[in-house]
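Below is one structure, written out as C-alpha cells; comments come after it.
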Amino acid sequence: MQRFRDGSCSRPNVVTVRRAPRNPQRAIVSFGGITVPAALGRFGTTAFKREGDGATPIAAMRLLHGFFRGERVRLPPTALPVRRIAKDMLWCDQPEHPSYNRLVRAPFRPSHEDMLRADGLYDICLVLDWNITSRRRHRGSAIFFHLIKPGYQPTAGCIAVSLPDMKRLLRFMRKGTVVRVL
C-alpha cells in the first residue's frame, strides 16, 4: 500500500466493503490501512441487482469520477476526477429512457435523482461503475459512494460513509480504484 501513497504503484488499489456482522445494512470499509464504518442498502447486499430493489450490488466496481458541493465542503487533494455539482445536474433512473443511469440536465421529465440534494448526502458523491460502462435496462442505477445519513441509516443501494471518513479515503483514491463489495 505504501507504493500507492508515494505514487509509484501502477495498478489501482482496492477498497474492500464487507457486511458488518449481525446487520446486513451496515458495512466495514477498508482501504490502505484505514477502516471505517459504512451503511449499505436497506435490503443489504445482492448478487442480482435490480432497479429499485434497495440492495447494494455484490461486485467489484471501478471508481469513475465524482461530484461535490463546493459551497458546502472543501475537498482534500485527490487524483480522482471530481467536479462541482451544478443546479441543473440530475441522474436518470428511468430504465426505459436512453439516458438511463447517466448524468442529465434539467429540465428533465423522466424519473431522476437530484444531484444537488438538500440533505447533504451528495456533498461528496463518487460514481461507481455499476451498470454504466456496460449498461443494461433495470440492472440498477445511481450506485454511488456518498455521505451518510445521521445514525448510519441504510441507503437505497449505495455505500455511504461519514464526511471525515470520506475525506480520509478520498486522498488515496483515483480513477480506476476498485470498490469491492463482498
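By order of appearance in the C-alpha cells: chains A, B, ..., then residues from 1 within every chain, and ligands from 1 in the order shown.
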
Report task. Pick out each residue of chain A that DSSP on the backbone tags as strand (DSSP E); I need them as a ChimeraX atom specification. Result -> /A:14-20,23-31,34-39,45-46,56-57,60-68,82-84,89-92,103-105,112-114,124-128,144-147,159-161,178-181

**Report entry** Residues near range 64-75 of chain A, cut-off 10 Å, only C-alpha atoms, skip fewer than 2 positions along chain, as a VMD selection string
**Finding:** chain A and resid 61 to 62 77 to 86 115 to 117 120 122 to 130 132 to 133 144 to 146 163 166 to 167 170 to 171 173 to 178

Quick one: write out the picked residues with C-alpha atoms as a PDB file, in the first residue's frame?
ATOM      1  CA  MET A  61     -16.841  -1.649  -9.262  1.00  0.00           C
ATOM      2  CA  ARG A  62     -14.264   0.847 -10.525  1.00  0.00           C
ATOM      3  CA  PRO A  77      -6.181  16.672  -2.541  1.00  0.00           C
ATOM      4  CA  THR A  78      -7.199  13.698  -4.701  1.00  0.00           C
ATOM      5  CA  ALA A  79      -6.196  12.110  -8.005  1.00  0.00           C
ATOM      6  CA  LEU A  80      -9.844  11.202  -8.677  1.00  0.00           C
ATOM      7  CA  PRO A  81     -11.519  13.485 -11.251  1.00  0.00           C
ATOM      8  CA  VAL A  82     -14.135  15.432  -9.271  1.00  0.00           C
ATOM      9  CA  ARG A  83     -16.340  18.290 -10.438  1.00  0.00           C
ATOM     10  CA  ARG A  84     -18.621  20.730  -8.713  1.00  0.00           C
ATOM     11  CA  ILE A  85     -22.361  19.967  -8.764  1.00  0.00           C
ATOM     12  CA  ALA A  86     -24.414  22.493 -10.737  1.00  0.00           C
ATOM     13  CA  MET A 115     -27.533  15.693  -7.581  1.00  0.00           C
ATOM     14  CA  LEU A 116     -27.917  18.964  -5.653  1.00  0.00           C
ATOM     15  CA  ARG A 117     -29.565  17.377  -2.607  1.00  0.00           C
ATOM     16  CA  GLY A 120     -26.124  16.677   2.089  1.00  0.00           C
ATOM     17  CA  TYR A 122     -24.201  14.022  -2.262  1.00  0.00           C
ATOM     18  CA  ASP A 123     -21.982  16.791  -0.868  1.00  0.00           C
ATOM     19  CA  ILE A 124     -19.301  14.313  -1.928  1.00  0.00           C
ATOM     20  CA  CYS A 125     -20.580  11.675  -4.323  1.00  0.00           C
ATOM     21  CA  LEU A 126     -18.325   9.208  -6.135  1.00  0.00           C
ATOM     22  CA  VAL A 127     -19.655   7.396  -9.194  1.00  0.00           C
ATOM     23  CA  LEU A 128     -19.123   3.629  -9.195  1.00  0.00           C
ATOM     24  CA  ASP A 129     -19.058   1.739 -12.482  1.00  0.00           C
ATOM     25  CA  TRP A 130     -22.187  -0.253 -11.782  1.00  0.00           C
ATOM     26  CA  ILE A 132     -22.540   2.340 -16.630  1.00  0.00           C
ATOM     27  CA  THR A 133     -19.764   1.111 -18.935  1.00  0.00           C
ATOM     28  CA  PHE A 144     -22.678   5.844  -5.629  1.00  0.00           C
ATOM     29  CA  PHE A 145     -20.158   6.019  -2.783  1.00  0.00           C
ATOM     30  CA  HIS A 146     -21.526   9.023  -0.887  1.00  0.00           C
ATOM     31  CA  LEU A 163     -17.727  13.195   5.834  1.00  0.00           C
ATOM     32  CA  MET A 166     -14.783  10.182   3.089  1.00  0.00           C
ATOM     33  CA  LYS A 167     -12.111  12.887   3.220  1.00  0.00           C
ATOM     34  CA  LEU A 170     -10.550  10.372  -0.934  1.00  0.00           C
ATOM     35  CA  ARG A 171      -6.904  11.394  -0.543  1.00  0.00           C
ATOM     36  CA  MET A 173      -8.484   7.297  -4.468  1.00  0.00           C
ATOM     37  CA  ARG A 174      -8.115   7.758  -8.194  1.00  0.00           C
ATOM     38  CA  LYS A 175      -9.951   6.800 -11.352  1.00  0.00           C
ATOM     39  CA  GLY A 176      -9.885   3.015 -11.598  1.00  0.00           C
ATOM     40  CA  THR A 177      -9.661   2.340  -7.856  1.00  0.00           C
ATOM     41  CA  VAL A 178     -11.828  -0.735  -7.333  1.00  0.00           C
TER      42      VAL A 178
END

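Near Thr16 in chain A, within a cut-off of 10 Å and counting only C-alpha atoms, sit the residues Ala27, Ile28, Val29, Ser30, Phe31, Gly32, Thr35, Ala60, Val178, Val179, Arg180, Val181 and Leu182 of chain A, with same-chain residues fewer than 4 positions away left out.
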
**Report entry** Shell of 10 Å around range 152-159 of chain A, only C-alpha atoms, local chain residues under 6 positions omitted, as a PyMOL selection string
**Finding:** chain A and resi 17+24-27+29+37-46+49+51-57+121+126-128+140-146+179+181

Please produce an output containing C-alpha atoms for each residue in the selection, written as a compact mmCIF listing (two decimals), in the first residue's frame.
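Final output, again_21.txt:
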# COMPACT_ATOMS: atom_id res chain seq x y z
CA VAL A 17 -16.58 -3.29 1.69
CA PRO A 24 -26.92 -6.52 6.69
CA GLN A 25 -27.45 -2.74 6.31
CA ARG A 26 -24.04 -1.88 7.77
CA ALA A 27 -20.52 -2.46 6.50
CA VAL A 29 -14.83 -0.27 4.61
CA PRO A 37 -17.97 2.06 9.32
CA ALA A 38 -20.44 2.44 6.46
CA ALA A 39 -24.07 1.97 5.53
CA LEU A 40 -25.38 -0.25 2.74
CA GLY A 41 -28.76 -0.65 1.08
CA ARG A 42 -31.89 -1.05 3.20
CA PHE A 43 -32.12 -4.66 1.97
CA GLY A 44 -28.43 -5.40 2.44
CA THR A 45 -26.47 -6.74 -0.50
CA THR A 46 -27.39 -8.78 -3.55
CA LYS A 49 -29.19 -6.21 -8.52
CA GLU A 51 -33.62 -1.20 -10.29
CA GLY A 52 -35.30 -0.04 -7.08
CA ASP A 53 -34.59 -3.19 -5.02
CA GLY A 54 -32.90 -1.23 -2.21
CA ALA A 55 -29.84 -3.51 -2.18
CA THR A 56 -26.14 -2.83 -2.71
CA PRO A 57 -24.65 -4.93 -5.52
CA LEU A 121 -25.79 13.03 1.04
CA LEU A 126 -18.32 9.21 -6.14
CA VAL A 127 -19.66 7.40 -9.19
CA LEU A 128 -19.12 3.63 -9.20
CA GLY A 140 -29.81 -0.62 -11.22
CA SER A 141 -28.75 2.99 -11.45
CA ALA A 142 -27.11 5.72 -9.37
CA ILE A 143 -24.91 3.34 -7.37
CA PHE A 144 -22.68 5.84 -5.63
CA PHE A 145 -20.16 6.02 -2.78
CA HIS A 146 -21.53 9.02 -0.89
CA VAL A 179 -14.59 -0.78 -4.71
CA VAL A 181 -18.44 -5.28 -2.09

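Here CA of Arg102 in chain A is placed at a distance of 20.0 Å from CA of Leu147 in chain A.
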
**Report entry** Coordinates-based distance that separates CA of Pro95 in chain A from CA of His138 in chain A (Å, one decimal)
**Finding:** 5.4 Å

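Straight-line separation from CA of Arg137 in chain A to CA of Lys149 in chain A: 28.4 Å.
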
Query raised in the report: Do you know which residues are at most 12 Å from Pro110 in chain A counting only C-alpha atoms, after dropping those on the same chain fewer than 3 positions away, and could you put them as a ChimeraX atom specification?
Result: /A:90-101,104-107,113
